[in-house]
Amino acid sequence: MKNRLLPARTIRTTGTAFAMAAVVAVTLALSGCGGPATAQQAGSGSGAEVKTVRYQGSPNTVALVEVAEDLGYLGDVKLEWVSNTTSGPQSIQSVATDQTDIGGAFTGAVIKLIEAGAPVKAVINYYGEDNKTFTGYYVEEGSPIRTARDLIGKKIAVNTLGAHHEAVITTHLKNSGLTPEEIKQVQLVVVPPNETEVALRKKQVDVGTLGGVLQDRALAEGGVRALFTDVGVIGGPFDAGQYVLRNDFLAKNPETSRTLVTGVAKAIEWQRSTPREQVIAKFEEIIAKRGRNESTEALKYWKSVGVASPGGRIQETDFTRWADYLKSAGIITGDLDTSTLYTNEFNLLETPAPAATPKG
């Protein structure tokens, strides 16, 4: 099947549209039009806590919640795979509308959703950037693009709009001296992550956003170079995204929530301290067992868990570091009230300080 790209879109304020959609979606869910939540209703009606947690996965990769379940860290709590997604905003909107129970996204997307009135709360960091695991913005080796100004009028492939990649790109362009009008001329094109390398090499886009194993696979193939990286733009290491749970889920299922969040924290530290080859082998085993006709080829490039904080514990700076971008995008107008955004209450893991050094 040919690689098909969605229409290009210039960088512009995305917060208003996202917020309106989120409010409508949440309203539908709360009014009973967002689809049944049979597991939730059964648990709340009987007084028993939900023991099956619905989630979305990602193709060819393994989520921390899946690692936690496979290692036995979730005890009697089981996961129910609903579907796959390549979009963090979609993942957390599914939680807000009660289609799933846990989902994760870029911090800015989490803030947008909560600011729009969605009844969710961040409970643990689930991805971040360090000197081994980061996102790069790549051009072909022979590309004339060398500076941020060269990006005016060019196309950059991102996995979704209004999230991590757009925030980093916008920050990089602003830091490089481009005016708001010039920044608007840089086009963002939504491309599924697994297709980004192909789109770049076929010159369907000028810059491809690549992270993790997809980045390493492209580098192994050769012929590409990093124009900039998010660690270089933001400084690192840093945590960039959180898992969220609905407020009603937390209230009705506190023990399940503690088991789930603490299990993810244990999975983070397991990946941090376990030899690389064993982590990759575990990923391959999980993908094989779930039987979704996926490839494990890219897993050999895995380097680190990426999460910067011990046990994924959230800090206020995980949210405030994006305040300038969020204000410039019109998503927030004043200071963030971080007390409404996150809680560490359900993360019971006592982690070493500093965190264990990765092996392998």
# chains A, B, ... in the order shown; residues from 1 in each chain; ligands from 1

call {"tool": "residues_around", "arguments": {"residues": "Arg54 (chain A)", "least_positions_apart": "5", "cutoff": "7 Å", "atoms": "only C-alpha atoms", "output": "count of residues only"}}
result
7

call {"tool": "closest_residue", "arguments": {"among": "A:Val65, A:Leu260, A:Ala329, A:Leu245", "to": "Ser94 (chain A)", "atoms": "only C-alpha atoms"}}
result
A:Leu245

call {"tool": "select_by_dssp", "arguments": {"residues": "region 73-318 of chain A", "states": "helix (DSSP H, G or I)", "output": "PyMOL selection string"}}
result
chain A and resi 88-96+107-115+149-151+164-175+180-184+193-201+212-221+230-234+247-252+254-273+276-290+297-301+310-312+317-318

call {"tool": "select_by_dssp", "arguments": {"residues": "region 18-203 of chain A", "states": "strand (DSSP E or B)", "output": "count of residues only"}}
result
42
